[in-house]
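Peer 1: Input file: run03.csv. Contents: CSV, C-alpha atoms.
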chain,number,residue,atom,x,y,z
A,23,MET,CA,0.0,0.0,0.0
A,24,ASN,CA,1.2,3.5,-0.8
A,25,PHE,CA,0.3,6.4,1.4
A,26,LEU,CA,1.2,9.1,-1.1
A,27,PRO,CA,-1.0,10.1,-4.0
A,28,GLU,CA,-0.2,8.0,-7.0
A,29,LYS,CA,1.3,10.8,-9.1
A,30,ILE,CA,3.5,12.0,-6.3
A,31,ASP,CA,4.6,8.4,-5.6
A,32,GLN,CA,5.5,8.0,-9.3
A,33,TYR,CA,7.4,11.3,-9.3
A,34,VAL,CA,9.4,10.2,-6.2
A,35,VAL,CA,10.3,6.9,-7.7
A,36,SER,CA,11.3,8.3,-11.1
A,37,HIS,CA,13.5,10.9,-9.4
A,38,SER,CA,15.2,8.4,-7.1
A,39,GLN,CA,18.2,6.1,-7.8
A,40,GLN,CA,17.2,3.2,-10.0
A,41,GLU,CA,17.8,-0.4,-8.9
A,42,PRO,CA,20.8,-2.3,-10.2
A,43,ALA,CA,20.2,-4.8,-13.1
A,44,VAL,CA,20.9,-7.8,-10.9
A,45,LEU,CA,18.0,-6.7,-8.6
A,46,GLN,CA,15.7,-6.2,-11.5
A,47,LYS,CA,16.3,-9.8,-12.5
A,48,LEU,CA,15.8,-11.0,-9.0
A,49,SER,CA,12.6,-9.1,-8.7
A,50,LYS,CA,11.3,-10.5,-12.0
A,51,GLU,CA,12.2,-14.1,-11.0
A,52,THR,CA,10.6,-13.7,-7.6
A,53,TRP,CA,7.3,-12.6,-9.2
A,54,GLN,CA,7.5,-15.5,-11.7
A,55,LYS,CA,8.4,-18.3,-9.4
A,56,VAL,CA,7.8,-17.6,-5.7
A,57,LEU,CA,4.7,-17.5,-3.6
A,58,ASN,CA,3.7,-14.1,-2.1
A,59,PRO,CA,6.0,-11.9,-4.3
A,60,ARG,CA,4.5,-8.8,-2.6
A,61,MET,CA,6.8,-9.7,0.3
A,62,LEU,CA,9.7,-8.4,-1.8
A,63,SER,CA,11.2,-5.1,-0.7
A,64,GLY,CA,10.9,-3.6,-4.1
A,65,ALA,CA,12.9,-1.1,-6.1
A,66,PHE,CA,12.2,2.1,-4.2
A,67,GLN,CA,12.4,0.7,-0.7
A,68,GLY,CA,15.5,-1.3,-1.7
A,69,ARG,CA,17.2,2.0,-2.7
A,70,VAL,CA,16.2,3.4,0.7
A,71,LEU,CA,17.8,0.4,2.5
A,72,SER,CA,20.9,0.8,0.3
A,73,MET,CA,21.2,4.5,1.1
A,74,ILE,CA,20.8,4.0,4.8
A,75,SER,CA,23.4,1.2,4.8
A,76,LYS,CA,25.8,3.4,2.8
A,77,ILE,CA,25.4,6.2,5.3
A,78,ILE,CA,26.0,3.9,8.3
A,79,ALA,CA,28.7,1.7,6.7
A,80,PRO,CA,27.9,-1.1,9.1
A,81,LYS,CA,30.4,-3.8,10.0
A,82,ASN,CA,27.9,-6.3,11.3
A,83,VAL,CA,24.3,-6.6,10.1
A,84,LEU,CA,21.4,-8.8,11.1
A,85,GLU,CA,18.4,-9.3,8.8
A,86,ILE,CA,15.4,-11.1,10.2
A,87,GLY,CA,13.5,-12.3,7.1
A,88,THR,CA,15.6,-13.1,4.0
A,89,TYR,CA,12.8,-14.1,1.6
A,90,THR,CA,14.6,-14.2,-1.9
A,91,GLY,CA,17.5,-12.1,-0.8
A,92,TYR,CA,16.6,-8.7,-2.4
A,93,SER,CA,16.9,-6.6,0.8
A,94,ALA,CA,20.1,-8.4,1.9
A,95,ILE,CA,21.8,-7.4,-1.4
A,96,CYS,CA,20.6,-3.8,-1.0
A,97,ILE,CA,22.1,-3.6,2.5
A,98,ALA,CA,25.3,-5.3,1.4
A,99,GLU,CA,25.9,-2.4,-0.9
A,100,GLY,CA,26.8,-0.3,2.1
A,101,LEU,CA,28.8,-2.7,4.2
A,102,LYS,CA,32.2,-1.6,5.6
A,103,GLU,CA,35.1,-3.6,4.1
A,104,GLY,CA,35.2,-7.0,5.7
A,105,GLY,CA,31.6,-6.6,7.0
A,106,THR,CA,29.1,-9.4,7.3
A,107,ILE,CA,25.3,-9.8,7.0
A,108,HIS,CA,23.7,-12.6,9.0
A,109,THR,CA,20.3,-13.2,7.3
A,110,LEU,CA,17.7,-15.4,8.9
A,111,ASP,CA,14.7,-17.2,7.2
A,112,LYS,CA,12.6,-20.2,8.1
A,113,ASN,CA,12.1,-21.3,4.4
A,114,GLU,CA,15.0,-23.5,3.3
A,115,GLU,CA,13.3,-23.9,-0.1
A,116,LEU,CA,14.4,-20.4,-1.1
A,117,GLU,CA,18.1,-21.1,-0.4
A,118,ASP,CA,19.0,-21.9,-4.1
A,119,LEU,CA,17.4,-18.8,-5.4
A,120,GLN,CA,19.1,-16.7,-2.7
A,121,ASN,CA,22.5,-18.2,-3.5
A,122,LYS,CA,22.0,-17.6,-7.2
A,123,TYR,CA,21.6,-13.9,-6.8
A,124,PHE,CA,24.1,-13.5,-3.9
A,125,GLU,CA,26.6,-14.9,-6.3
A,126,LYS,CA,25.5,-12.6,-9.2
A,127,SER,CA,25.5,-9.5,-6.9
A,128,GLY,CA,29.2,-10.0,-5.9
A,129,TYR,CA,28.3,-10.1,-2.2
A,130,ARG,CA,28.3,-13.8,-1.7
A,131,GLU,CA,31.2,-13.8,0.8
A,132,GLN,CA,29.6,-11.1,2.9
A,133,ILE,CA,26.3,-12.8,3.4
A,134,GLN,CA,25.8,-15.6,5.9
A,135,GLN,CA,22.5,-17.5,5.7
A,136,HIS,CA,20.7,-19.1,8.6
A,137,PHE,CA,17.6,-21.2,8.3
A,138,GLY,CA,15.2,-22.0,11.1
A,139,ASN,CA,13.4,-20.3,13.9
A,140,ALA,CA,14.8,-16.8,14.3
A,141,LEU,CA,13.8,-16.7,18.0
A,142,GLU,CA,16.2,-19.7,18.5
A,143,ILE,CA,19.0,-18.5,16.2
A,144,ILE,CA,19.4,-14.9,17.4
A,145,PRO,CA,20.6,-15.9,20.9
A,146,THR,CA,23.3,-18.0,19.3
A,147,LEU,CA,24.8,-15.0,17.5
A,148,ASN,CA,27.6,-13.5,19.5
A,149,GLU,CA,28.2,-10.3,17.4
A,150,LYS,CA,27.2,-6.8,18.3
A,151,PHE,CA,25.3,-5.2,15.4
A,152,ASP,CA,25.5,-1.8,13.7
A,153,LEU,CA,22.3,-2.4,11.7
A,154,VAL,CA,19.3,-4.7,12.1
A,155,PHE,CA,16.5,-5.0,9.5
A,156,ILE,CA,13.3,-6.7,10.8
A,157,ASP,CA,11.0,-7.9,8.0
A,158,ALA,CA,9.6,-11.3,9.1
A,159,ASP,CA,6.4,-12.6,10.8
A,160,LYS,CA,4.7,-9.5,12.3
A,161,SER,CA,3.4,-11.4,15.4
A,162,ASN,CA,7.0,-11.7,16.7
A,163,TYR,CA,8.2,-8.2,16.1
A,164,PRO,CA,8.1,-7.4,19.9
A,165,ASN,CA,10.0,-10.6,20.6
A,166,TYR,CA,12.6,-9.9,18.0
A,167,PHE,CA,13.2,-6.4,19.4
A,168,ASN,CA,13.7,-7.8,22.9
A,169,LEU,CA,16.2,-10.3,21.6
A,170,ILE,CA,18.3,-7.8,19.6
A,171,ILE,CA,18.3,-4.6,21.7
A,172,ASP,CA,21.1,-5.8,23.9
A,173,LYS,CA,23.1,-7.0,20.9
A,174,MET,CA,23.2,-3.5,19.3
A,175,ASN,CA,26.2,-1.2,19.3
A,176,SER,CA,25.6,2.4,20.6
A,177,GLY,CA,24.5,4.4,17.6
A,178,GLY,CA,23.2,1.3,15.8
A,179,ILE,CA,20.1,1.4,13.7
A,180,ILE,CA,17.1,-0.9,13.8
A,181,LEU,CA,14.9,-0.8,10.7
A,182,SER,CA,11.4,-2.3,10.9
A,183,ASP,CA,9.3,-2.9,7.8
A,184,ASN,CA,5.5,-3.0,7.4
A,185,VAL,CA,4.8,-1.0,10.6
A,186,LEU,CA,1.7,0.7,9.1
A,187,TRP,CA,0.3,-2.6,7.9
A,188,SER,CA,-1.8,-1.3,5.0
A,189,GLY,CA,-3.3,1.3,7.4
A,190,LYS,CA,-4.7,-1.3,9.8
A,191,VAL,CA,-2.8,0.3,12.7
A,192,ILE,CA,-5.3,3.1,12.8
A,193,GLU,CA,-8.5,1.1,12.2
A,194,LYS,CA,-10.6,-0.6,14.8
A,195,LEU,CA,-8.8,-3.7,15.9
A,196,ASP,CA,-10.2,-7.1,15.1
A,197,PRO,CA,-9.5,-9.2,18.2
A,198,LYS,CA,-8.6,-12.2,15.9
A,199,ASP,CA,-6.0,-10.1,14.0
A,200,ILE,CA,-2.8,-11.2,15.8
A,201,ASP,CA,-0.5,-9.5,13.4
A,202,THR,CA,-2.1,-6.0,13.7
A,203,LYS,CA,-2.3,-6.4,17.5
A,204,ALA,CA,1.4,-7.3,17.6
A,205,LEU,CA,2.4,-4.3,15.4
A,206,LEU,CA,0.4,-1.9,17.6
A,207,GLU,CA,2.3,-3.3,20.6
A,208,TYR,CA,5.5,-3.0,18.7
A,209,ASN,CA,5.0,0.6,17.5
A,210,HIS,CA,4.1,1.6,21.1
A,211,LEU,CA,7.2,-0.2,22.4
A,212,LEU,CA,9.5,1.6,20.0
A,213,ASN,CA,8.0,5.0,20.8
A,214,ASN,CA,8.3,4.5,24.5
A,215,ASP,CA,11.6,2.6,25.0
A,216,ASN,CA,14.1,5.2,26.4
A,217,ARG,CA,17.0,3.1,25.0
A,218,ILE,CA,16.2,4.2,21.4
A,219,GLU,CA,14.9,7.2,19.4
A,220,THR,CA,12.4,6.4,16.6
A,221,VAL,CA,10.9,8.0,13.6
A,222,VAL,CA,8.3,6.3,11.3
A,223,LEU,CA,8.6,6.9,7.5
A,224,PRO,CA,5.3,6.6,5.7
A,225,ILE,CA,6.9,5.0,2.6
A,226,ARG,CA,5.3,1.9,1.1
A,227,ASP,CA,3.9,-0.1,4.0
A,228,GLY,CA,5.7,2.0,6.7
A,229,LEU,CA,9.4,1.8,7.7
A,230,THR,CA,10.6,2.6,11.2
A,231,ILE,CA,14.1,3.9,11.9
A,232,SER,CA,15.2,3.4,15.5
A,233,ARG,CA,18.6,4.7,16.7
A,234,VAL,CA,20.1,3.0,19.8
A,235,LYS,CA,21.4,5.6,22.3
Mind turning this structure into structure tokens?
Peer 2:
Amino acid sequence: MNFLPEKIDQYVVSHSQQEPAVLQKLSKETWQKVLNPRMLSGAFQGRVLSMISKIIAPKNVLEIGTYTGYSAICIAEGLKEGGTIHTLDKNEELEDLQNKYFEKSGYREQIQQHFGNALEIIPTLNEKFDLVFIDADKSNYPNYFNLIIDKMNSGGIILSDNVLWSGKVIEKLDPKDIDTKALLEYNHLLNNDNRIETVVLPIRDGLTISRVK
């Protein structure tokens, strides 16, 4: 869902950096072959992720939710020399497609894949992170935050995707809607935790930037 008028959104996209060819190919193949292709970060948000990563120049990155690897490649564009991305996903069936494009992108050696339950994997990672991107099951966003906050370096950035959830966060809550309920809790948590400072960007489905103090 876009929160800007269509013509303004088109203008913004057309006057922003265009995605690299390898990501265009990955996007096309994702839409052709993979279920739920709307989960893809997409060209504009991908350039936002790339820009933020280039500004930070992170050494250690954690991504929760790899999908087909689009966002991992975008973030890898800004890695400090010798930097690493740990990217987590529960779907091992996507590993071959991820690897195909990690190789094509030139960032294969910087990206470490982990498959399984993120809630179990995160505690086993001993690194302190400069950048974390959360884009997985919405019902666990608060749990992910609680697991990573003590693994963040001072000044580190936590990016959280889909925080506006197609506008459902301002609608009357359906008690059966677990994802929206979790996102409401998560957005409140980010806005009230004194360990971080947060702004919400109303781009695409909502992207939160939280800076660790």
Peer 1: Here is a test: counting all atoms listed in the file, which residue of A:Glu207, A:Asp201, A:Asp157, A:Glu219 is nearest to Ser93 in chain A?
Peer 2: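 The shortest atom-to-atom distance to Ser93 in chain A comes from A:Asp157.
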Peer 1: Write out as a list in words which residues come within 9 Å of Leu48 in chain A when counting only C-alpha atoms, dropping same-chain ones fewer than 3 positions away.
Peer 2: Ala43, Val44, Leu45, Glu51, Thr52, Trp53, Thr90, Gly91, Tyr92, Leu119 and Tyr123 of chain A
Peer 1: Residues at most 12 Å from Tyr89 in chain A, counting only C-alpha atoms, excluding those fewer than 4 positions away in the same chain, as an mmCIF file with C-alpha atoms, keeping the file's coordinate frame?
Peer 2:
data_model
loop_
_atom_site.group_PDB
_atom_site.id
_atom_site.type_symbol
_atom_site.label_atom_id
_atom_site.label_comp_id
_atom_site.auth_asym_id
_atom_site.auth_seq_id
_atom_site.Cartn_x
_atom_site.Cartn_y
_atom_site.Cartn_z
ATOM 1 C CA LEU A 48 15.800 -11.000 -9.000
ATOM 2 C CA SER A 49 12.600 -9.100 -8.700
ATOM 3 C CA THR A 52 10.600 -13.700 -7.600
ATOM 4 C CA VAL A 56 7.800 -17.600 -5.700
ATOM 5 C CA LEU A 57 4.700 -17.500 -3.600
ATOM 6 C CA ASN A 58 3.700 -14.100 -2.100
ATOM 7 C CA PRO A 59 6.000 -11.900 -4.300
ATOM 8 C CA ARG A 60 4.500 -8.800 -2.600
ATOM 9 C CA MET A 61 6.800 -9.700 0.300
ATOM 10 C CA LEU A 62 9.700 -8.400 -1.800
ATOM 11 C CA SER A 63 11.200 -5.100 -0.700
ATOM 12 C CA GLU A 85 18.400 -9.300 8.800
ATOM 13 C CA SER A 93 16.900 -6.600 0.800
ATOM 14 C CA ALA A 94 20.100 -8.400 1.900
ATOM 15 C CA ILE A 95 21.800 -7.400 -1.400
ATOM 16 C CA THR A 109 20.300 -13.200 7.300
ATOM 17 C CA LEU A 110 17.700 -15.400 8.900
ATOM 18 C CA ASP A 111 14.700 -17.200 7.200
ATOM 19 C CA LYS A 112 12.600 -20.200 8.100
ATOM 20 C CA ASN A 113 12.100 -21.300 4.400
ATOM 21 C CA GLU A 114 15.000 -23.500 3.300
ATOM 22 C CA GLU A 115 13.300 -23.900 -0.100
ATOM 23 C CA LEU A 116 14.400 -20.400 -1.100
ATOM 24 C CA GLU A 117 18.100 -21.100 -0.400
ATOM 25 C CA ASP A 118 19.000 -21.900 -4.100
ATOM 26 C CA LEU A 119 17.400 -18.800 -5.400
ATOM 27 C CA GLN A 120 19.100 -16.700 -2.700
ATOM 28 C CA ASN A 121 22.500 -18.200 -3.500
ATOM 29 C CA GLN A 135 22.500 -17.500 5.700
ATOM 30 C CA HIS A 136 20.700 -19.100 8.600
ATOM 31 C CA PHE A 137 17.600 -21.200 8.300
ATOM 32 C CA ILE A 156 13.300 -6.700 10.800
ATOM 33 C CA ASP A 157 11.000 -7.900 8.000
ATOM 34 C CA ALA A 158 9.600 -11.300 9.100
ATOM 35 C CA ASP A 159 6.400 -12.600 10.800
#
Peer 1: Would you mind reading off the distance between CA of Leu147 in chain A and CA of Ile179 in chain A, one decimal, in Å?
Peer 2: 17.5 Å
Peer 1: For Val35 in chain A, which residue among A:Ile231, A:Thr202, A:Asp152, A:Ile225 is the nearest when counting only C-alpha atoms?
Peer 2: A:Ile225
Peer 1: Just to confirm, what's the straight-line distance from CA of Leu212 in chain A to CA of Phe25 in chain A in Å (one decimal)?
Peer 2: 21.3 Å
Peer 1: Go through range 195-218 of chain A and flag each residue having an atom no more than 10 Å from range 166-174 of chain A; for those, report the closest pair of atoms plus their distance in Å to one decimal, using only C-alpha atoms, ordered by chain and rising number, as JSON lines.
Peer 2:
{"residue": "A:Tyr208", "atom": "CA", "partner": "A:Phe167", "partner_atom": "CA", "distance": 8.4}
{"residue": "A:Leu211", "atom": "CA", "partner": "A:Phe167", "partner_atom": "CA", "distance": 9.1}
{"residue": "A:Leu212", "atom": "CA", "partner": "A:Phe167", "partner_atom": "CA", "distance": 8.8}
{"residue": "A:Arg217", "atom": "CA", "partner": "A:Ile171", "partner_atom": "CA", "distance": 8.5}
{"residue": "A:Ile218", "atom": "CA", "partner": "A:Ile171", "partner_atom": "CA", "distance": 9.1}
Peer 1: With all atoms listed in the file as the basis for distance, which of A:Leu206, A:Arg226, A:Tyr163, A:Gly189 is at the shortest distance from Ala65 in chain A?
Peer 2: A:Arg226
Peer 1: Just the residues within 9 Å of Pro80 in chain A, please, counting only C-alpha atoms, with nothing from its chain fewer than 2 positions along; format it as a count of residues only.
Peer 2: 15
Peer 1: Would you mind reading off the distance between CA of Val34 in chain A and CA of Lys47 in chain A, one decimal, in Å?
Peer 2: 22.1 Å
Peer 1: Tell me, as a PyMOL selection string, which residues lie within 7 Å of Leu229 in chain A, counting all atoms listed in the file; anything in the same chain fewer than 6 positions away does not count.
Peer 2: chain A and resi 181-185+222-223
Peer 1: Convert the current residue selection to file output with C-alpha atoms, as an mmCIF file, in the coordinates of the input.
Peer 2:
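selection_6.cif, written as the output of this step:
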data_model
loop_
_atom_site.group_PDB
_atom_site.id
_atom_site.type_symbol
_atom_site.label_atom_id
_atom_site.label_comp_id
_atom_site.auth_asym_id
_atom_site.auth_seq_id
_atom_site.Cartn_x
_atom_site.Cartn_y
_atom_site.Cartn_z
ATOM 1 C CA LEU A 181 14.900 -0.800 10.700
ATOM 2 C CA SER A 182 11.400 -2.300 10.900
ATOM 3 C CA ASP A 183 9.300 -2.900 7.800
ATOM 4 C CA ASN A 184 5.500 -3.000 7.400
ATOM 5 C CA VAL A 185 4.800 -1.000 10.600
ATOM 6 C CA VAL A 222 8.300 6.300 11.300
ATOM 7 C CA LEU A 223 8.600 6.900 7.500
#
Peer 1: Got a sec to write range 61-132 of chain A of the block to a file, C-alpha atoms, as a short mmCIF file (atom, residue, chain, number, x, y, z; two decimals), in the first residue's frame?
Peer 2:
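So the final result, stored in selection_1.cif, reads:
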data_model
loop_
_atom_site.label_atom_id
_atom_site.label_comp_id
_atom_site.auth_asym_id
_atom_site.auth_seq_id
_atom_site.Cartn_x
_atom_site.Cartn_y
_atom_site.Cartn_z
CA MET A 61 6.84 -9.69 0.31
CA LEU A 62 9.70 -8.39 -1.85
CA SER A 63 11.17 -5.11 -0.66
CA GLY A 64 10.89 -3.62 -4.13
CA ALA A 65 12.94 -1.08 -6.06
CA PHE A 66 12.20 2.12 -4.15
CA GLN A 67 12.43 0.69 -0.66
CA GLY A 68 15.49 -1.26 -1.73
CA ARG A 69 17.21 2.00 -2.66
CA VAL A 70 16.21 3.43 0.73
CA LEU A 71 17.80 0.42 2.47
CA SER A 72 20.91 0.78 0.33
CA MET A 73 21.21 4.50 1.10
CA ILE A 74 20.80 3.99 4.85
CA SER A 75 23.39 1.22 4.80
CA LYS A 76 25.84 3.38 2.85
CA ILE A 77 25.39 6.22 5.35
CA ILE A 78 26.00 3.91 8.32
CA ALA A 79 28.69 1.74 6.67
CA PRO A 80 27.91 -1.13 9.08
CA LYS A 81 30.42 -3.81 10.03
CA ASN A 82 27.89 -6.33 11.34
CA VAL A 83 24.30 -6.57 10.12
CA LEU A 84 21.40 -8.79 11.14
CA GLU A 85 18.45 -9.30 8.83
CA ILE A 86 15.39 -11.12 10.15
CA GLY A 87 13.51 -12.34 7.10
CA THR A 88 15.58 -13.08 3.98
CA TYR A 89 12.84 -14.11 1.55
CA THR A 90 14.57 -14.23 -1.87
CA GLY A 91 17.52 -12.09 -0.80
CA TYR A 92 16.62 -8.73 -2.37
CA SER A 93 16.95 -6.62 0.77
CA ALA A 94 20.13 -8.43 1.87
CA ILE A 95 21.80 -7.43 -1.39
CA CYS A 96 20.62 -3.84 -1.01
CA ILE A 97 22.05 -3.62 2.51
CA ALA A 98 25.28 -5.33 1.43
CA GLU A 99 25.95 -2.40 -0.91
CA GLY A 100 26.82 -0.26 2.12
CA LEU A 101 28.84 -2.75 4.17
CA LYS A 102 32.17 -1.65 5.56
CA GLU A 103 35.09 -3.57 4.06
CA GLY A 104 35.17 -6.96 5.73
CA GLY A 105 31.60 -6.55 6.96
CA THR A 106 29.05 -9.35 7.27
CA ILE A 107 25.30 -9.76 7.04
CA HIS A 108 23.67 -12.56 9.01
CA THR A 109 20.32 -13.16 7.33
CA LEU A 110 17.66 -15.42 8.85
CA ASP A 111 14.73 -17.20 7.24
CA LYS A 112 12.59 -20.22 8.06
CA ASN A 113 12.11 -21.30 4.43
CA GLU A 114 15.00 -23.47 3.26
CA GLU A 115 13.31 -23.93 -0.12
CA LEU A 116 14.44 -20.43 -1.07
CA GLU A 117 18.14 -21.13 -0.44
CA ASP A 118 19.04 -21.93 -4.07
CA LEU A 119 17.39 -18.77 -5.39
CA GLN A 120 19.06 -16.69 -2.69
CA ASN A 121 22.45 -18.17 -3.49
CA LYS A 122 22.01 -17.62 -7.21
CA TYR A 123 21.60 -13.89 -6.76
CA PHE A 124 24.05 -13.51 -3.89
CA GLU A 125 26.65 -14.86 -6.34
CA LYS A 126 25.49 -12.59 -9.16
CA SER A 127 25.54 -9.55 -6.89
CA GLY A 128 29.18 -10.00 -5.90
CA TYR A 129 28.34 -10.07 -2.18
CA ARG A 130 28.28 -13.84 -1.69
CA GLU A 131 31.19 -13.82 0.78
CA GLN A 132 29.63 -11.07 2.92
#
